[in-house]
Amino acid sequence: MLTDLLCGDDARAEASLAHISPDDLPELIELARSEMPDTRWWALRAIATLPTAGAATPLLAAVSDPDPGVRSCAILALGQRQESSAVPALINCLKDSSEFVARLAADALEQIGQPAVPALIEALKAADAPTRRLAARSLAHLKDPSAIPALFMALEDDSMFVSYWADEGLEKLGAGQVYFKP
């Protein structure tokens with residue numbers, strides 16, 4: 001089955017994923033270390049289908065792969081698996097040189113949900129605005145009440161995108177408008 005995975009025909013490779021089993025994990029981990037990005041990508045794509053806990057380790061290792069396509073594959077899989085142990089690595093990916101990869105990391109953190117909230121709140125303090133923007137966006141989508149104080153602080157951010165997402169998050173939480181009696 002692994003020969004079909006690496007045959008160069010995407011349709012055939014995708015079809016072979018239905019036949020991947022946990023017994024294939026050691027060989028897939030070895031393929032995930034290949035010199036060829038396409039081989040690493042397909043190995044990680046196959047690993048992502050495995051329901052075993054051991055699949056998380058090679059996926060976590062791949063979030064720092066030199067190839068953005070391979071990083072994307074690993075990040076997508078970690079989000080779909082709701083792998084809470086990946087939160088620190090995914091937070092680091094918010095700073096990825098590829099805007100696409102950084103956005104996928106934010107989406108994966110959203111899929112992980114509540115376990116990612118404390119790290120996202122901390123990411124609102126990052127030095128770079130893109131990281132703060134992605135953290136605020138994810139917090140807005142997660143609608144976790146524990147983020148309210150941090151989102152209020154983010155309303156004053158120098159980046160209009162950060163303050164926009166902070167406002168959106170507060171609005172979704174029902175805390176977007178405060179009325180004062182004159």
# chains A, B, ... in the order shown; residues from 1 in each chain; ligands from 1
>>> closest_atom_pairs(of="range 73-124 of chain A", to="range 45-52 of chain A", cutoff="9 Å", atoms="only C-alpha atoms", output="tab-separated table")
residue	atom	partner	partner_atom	distance
A:Cys73	CA	A:Arg45	CA	6.6
A:Ala74	CA	A:Arg45	CA	7.7
A:Leu76	CA	A:Ala48	CA	8.9
A:Ala77	CA	A:Ala48	CA	5.4
A:Leu78	CA	A:Ala48	CA	7.9
A:Gln80	CA	A:Ala48	CA	8.7
A:Arg81	CA	A:Ala48	CA	8.0
>>> closest_atom_pairs(of="range 9-92 of chain A", to="range 98-112 of chain A", cutoff="8 Å", atoms="only C-alpha atoms", output="tab-separated table")
residue	atom	partner	partner_atom	distance
A:Pro68	CA	A:Val101	CA	6.8
A:Arg71	CA	A:Val101	CA	7.1
A:Ser72	CA	A:Val101	CA	5.7
A:Ile75	CA	A:Ala105	CA	6.0
A:Leu76	CA	A:Ala108	CA	6.4
A:Leu78	CA	A:Ala108	CA	6.8
A:Gly79	CA	A:Ala108	CA	3.9
A:Gln80	CA	A:Gln111	CA	6.7
A:Arg81	CA	A:Ile112	CA	8.0
A:Gln82	CA	A:Ile112	CA	4.3
A:Glu83	CA	A:Ile112	CA	6.4
A:Ser84	CA	A:Ile112	CA	6.1
A:Val87	CA	A:Leu109	CA	6.7
A:Leu90	CA	A:Ala105	CA	5.4
A:Ile91	CA	A:Ala105	CA	7.3
>>> atom_distance(atom1="CA of Lys95 in chain A", atom2="CA of Ala55 in chain A")
24.5 Å
>>> select_by_dssp(residues="range 45-154 of chain A", states="helix (DSSP H, G or I)", output="ChimeraX atom specification")
/A:45-48,53-62,68-80,84-93,99-112,114-123,129-142,145-154
>>> residues_around(residues="range 119-130 of chain A", least_positions_apart="2", cutoff="10 Å", atoms="only C-alpha atoms", output="NGL selection string")
:A and (87-88 or 90-92 or 94-96 or 99 or 102-103 or 106 or 109-110 or 114-117 or 132-139 or 146-151 or 153-154 or 157-162 or 166)
>>> closest_residue(among="A:Leu31, A:Glu156, A:Ser97, A:Leu142", to="Ser64 in chain A", atoms="only C-alpha atoms")
A:Ser97
>>> atom_distance(atom1="CA of Ala15 in chain A", atom2="CA of Pro66 in chain A")
27.0 Å
>>> atom_distance(atom1="CA of Ala56 in chain A", atom2="CA of Ala89 in chain A")
12.0 Å
>>> residues_around(residues="Lys143 in chain A", least_positions_apart="3", cutoff="7 Å", atoms="only C-alpha atoms", output="ChimeraX atom specification")
/A:139-140,169,172-173
>>> residues_around(residues="Arg40 in chain A", least_positions_apart="5", cutoff="7 Å", atoms="only C-alpha atoms", output="mmCIF file with N, CA, C and O atoms, in the first residue's frame")
data_model
loop_
_atom_site.group_PDB
_atom_site.id
_atom_site.type_symbol
_atom_site.label_atom_id
_atom_site.label_comp_id
_atom_site.auth_asym_id
_atom_site.auth_seq_id
_atom_site.Cartn_x
_atom_site.Cartn_y
_atom_site.Cartn_z
ATOM 1 N N LEU A 31 9.505 7.619 6.394
ATOM 2 C CA LEU A 31 9.244 8.383 5.163
ATOM 3 C C LEU A 31 9.080 9.870 5.455
ATOM 4 O O LEU A 31 9.426 10.711 4.622
ATOM 5 N N ALA A 32 8.574 10.204 6.639
ATOM 6 C CA ALA A 32 8.394 11.611 7.013
ATOM 7 C C ALA A 32 9.731 12.315 7.210
ATOM 8 O O ALA A 32 9.768 13.537 7.318
ATOM 9 N N ARG A 33 10.824 11.565 7.207
ATOM 10 C CA ARG A 33 12.176 12.134 7.332
ATOM 11 C C ARG A 33 12.895 12.190 5.983
ATOM 12 O O ARG A 33 14.086 12.502 5.923
ATOM 13 N N SER A 34 12.189 11.886 4.914
ATOM 14 C CA SER A 34 12.779 11.855 3.577
ATOM 15 C C SER A 34 13.350 13.220 3.188
ATOM 16 O O SER A 34 12.930 14.265 3.693
ATOM 17 N N VAL A 70 4.607 20.984 3.720
ATOM 18 C CA VAL A 70 4.711 19.935 4.735
ATOM 19 C C VAL A 70 4.239 20.473 6.077
ATOM 20 O O VAL A 70 3.486 19.807 6.796
#
>>> residues_around(residues="Asp24 in chain A", least_positions_apart="2", cutoff="12 Å", atoms="only C-alpha atoms", output="list of chain:residue names")
A:Met1, A:Leu2, A:Thr3, A:Leu5, A:Leu17, A:His19, A:Ile20, A:Ser21, A:Pro22, A:Pro26, A:Glu27, A:Leu28, A:Ile29, A:Glu30, A:Leu31, A:Ala43, A:Leu44, A:Ala46, A:Ile47, A:Thr49, A:Leu50, A:Thr52, A:Gly54, A:Ala55
>>> write_last_selection(atoms="N, CA and C atoms", output="PDB file, in the first residue's frame")
ATOM      1  N   MET A   1       0.802  -1.205   0.000  1.00  0.00           N
ATOM      2  CA  MET A   1       0.000   0.000   0.000  1.00  0.00           C
ATOM      3  C   MET A   1       0.850   1.276   0.000  1.00  0.00           C
ATOM      4  N   LEU A   2       1.981   1.247   0.684  1.00  0.00           N
ATOM      5  CA  LEU A   2       2.816   2.442   0.739  1.00  0.00           C
ATOM      6  C   LEU A   2       3.407   2.786  -0.621  1.00  0.00           C
ATOM      7  N   THR A   3       3.535   1.810  -1.504  1.00  0.00           N
ATOM      8  CA  THR A   3       4.027   2.122  -2.850  1.00  0.00           C
ATOM      9  C   THR A   3       3.002   2.976  -3.593  1.00  0.00           C
ATOM     10  N   LEU A   5       1.004   5.060  -2.156  1.00  0.00           N
ATOM     11  CA  LEU A   5       1.050   6.365  -1.500  1.00  0.00           C
ATOM     12  C   LEU A   5       2.086   7.274  -2.143  1.00  0.00           C
ATOM     13  N   LEU A  17      -4.907   5.719   1.118  1.00  0.00           N
ATOM     14  CA  LEU A  17      -5.011   6.093   2.533  1.00  0.00           C
ATOM     15  C   LEU A  17      -6.016   5.230   3.286  1.00  0.00           C
ATOM     16  N   HIS A  19      -6.256   2.208   3.212  1.00  0.00           N
ATOM     17  CA  HIS A  19      -5.638   0.929   3.562  1.00  0.00           C
ATOM     18  C   HIS A  19      -4.471   1.082   4.536  1.00  0.00           C
ATOM     19  N   ILE A  20      -4.213   2.291   4.973  1.00  0.00           N
ATOM     20  CA  ILE A  20      -3.131   2.529   5.932  1.00  0.00           C
ATOM     21  C   ILE A  20      -3.593   2.048   7.303  1.00  0.00           C
ATOM     22  N   SER A  21      -2.698   1.374   8.014  1.00  0.00           N
ATOM     23  CA  SER A  21      -3.052   0.868   9.344  1.00  0.00           C
ATOM     24  C   SER A  21      -2.000   1.321  10.360  1.00  0.00           C
ATOM     25  N   PRO A  22      -2.317   1.231  11.644  1.00  0.00           N
ATOM     26  CA  PRO A  22      -1.330   1.585  12.668  1.00  0.00           C
ATOM     27  C   PRO A  22      -0.022   0.794  12.540  1.00  0.00           C
ATOM     28  N   PRO A  26       5.615   2.948  11.854  1.00  0.00           N
ATOM     29  CA  PRO A  26       7.085   3.070  11.839  1.00  0.00           C
ATOM     30  C   PRO A  26       7.657   3.406  10.457  1.00  0.00           C
ATOM     31  N   GLU A  27       7.125   2.765   9.422  1.00  0.00           N
ATOM     32  CA  GLU A  27       7.621   3.055   8.076  1.00  0.00           C
ATOM     33  C   GLU A  27       7.225   4.463   7.625  1.00  0.00           C
ATOM     34  N   LEU A  28       6.025   4.895   8.007  1.00  0.00           N
ATOM     35  CA  LEU A  28       5.580   6.253   7.669  1.00  0.00           C
ATOM     36  C   LEU A  28       6.435   7.305   8.373  1.00  0.00           C
ATOM     37  N   ILE A  29       6.808   7.038   9.617  1.00  0.00           N
ATOM     38  CA  ILE A  29       7.682   7.968  10.340  1.00  0.00           C
ATOM     39  C   ILE A  29       9.019   8.088   9.623  1.00  0.00           C
ATOM     40  N   GLU A  30       9.521   6.989   9.142  1.00  0.00           N
ATOM     41  CA  GLU A  30      10.781   7.021   8.390  1.00  0.00           C
ATOM     42  C   GLU A  30      10.605   7.827   7.099  1.00  0.00           C
ATOM     43  N   LEU A  31       9.505   7.619   6.394  1.00  0.00           N
ATOM     44  CA  LEU A  31       9.244   8.383   5.163  1.00  0.00           C
ATOM     45  C   LEU A  31       9.080   9.870   5.455  1.00  0.00           C
ATOM     46  N   ALA A  43       3.616  11.091   3.585  1.00  0.00           N
ATOM     47  CA  ALA A  43       3.796  10.309   4.817  1.00  0.00           C
ATOM     48  C   ALA A  43       2.988  10.942   5.953  1.00  0.00           C
ATOM     49  N   LEU A  44       3.057  12.251   6.074  1.00  0.00           N
ATOM     50  CA  LEU A  44       2.296  12.941   7.126  1.00  0.00           C
ATOM     51  C   LEU A  44       0.801  12.862   6.865  1.00  0.00           C
ATOM     52  N   ALA A  46      -0.725  10.422   5.510  1.00  0.00           N
ATOM     53  CA  ALA A  46      -1.113   9.073   5.926  1.00  0.00           C
ATOM     54  C   ALA A  46      -1.106   8.957   7.454  1.00  0.00           C
ATOM     55  N   ILE A  47      -0.100   9.503   8.099  1.00  0.00           N
ATOM     56  CA  ILE A  47      -0.025   9.465   9.560  1.00  0.00           C
ATOM     57  C   ILE A  47      -1.251  10.140  10.163  1.00  0.00           C
ATOM     58  N   THR A  49      -4.190  10.080   9.269  1.00  0.00           N
ATOM     59  CA  THR A  49      -5.399   9.237   9.244  1.00  0.00           C
ATOM     60  C   THR A  49      -5.409   8.194  10.352  1.00  0.00           C
ATOM     61  N   LEU A  50      -4.277   8.006  10.990  1.00  0.00           N
ATOM     62  CA  LEU A  50      -4.171   6.953  12.006  1.00  0.00           C
ATOM     63  C   LEU A  50      -4.746   7.419  13.344  1.00  0.00           C
ATOM     64  N   THR A  52      -4.039   6.376  16.239  1.00  0.00           N
ATOM     65  CA  THR A  52      -3.140   6.051  17.346  1.00  0.00           C
ATOM     66  C   THR A  52      -2.506   7.306  17.940  1.00  0.00           C
ATOM     67  N   GLY A  54       0.479   7.632  18.986  1.00  0.00           N
ATOM     68  CA  GLY A  54       1.835   7.812  18.486  1.00  0.00           C
ATOM     69  C   GLY A  54       1.929   8.641  17.215  1.00  0.00           C
ATOM     70  N   ALA A  55       0.816   8.893  16.576  1.00  0.00           N
ATOM     71  CA  ALA A  55       0.825   9.683  15.339  1.00  0.00           C
ATOM     72  C   ALA A  55       1.095  11.159  15.618  1.00  0.00           C
TER      73      ALA A  55
END
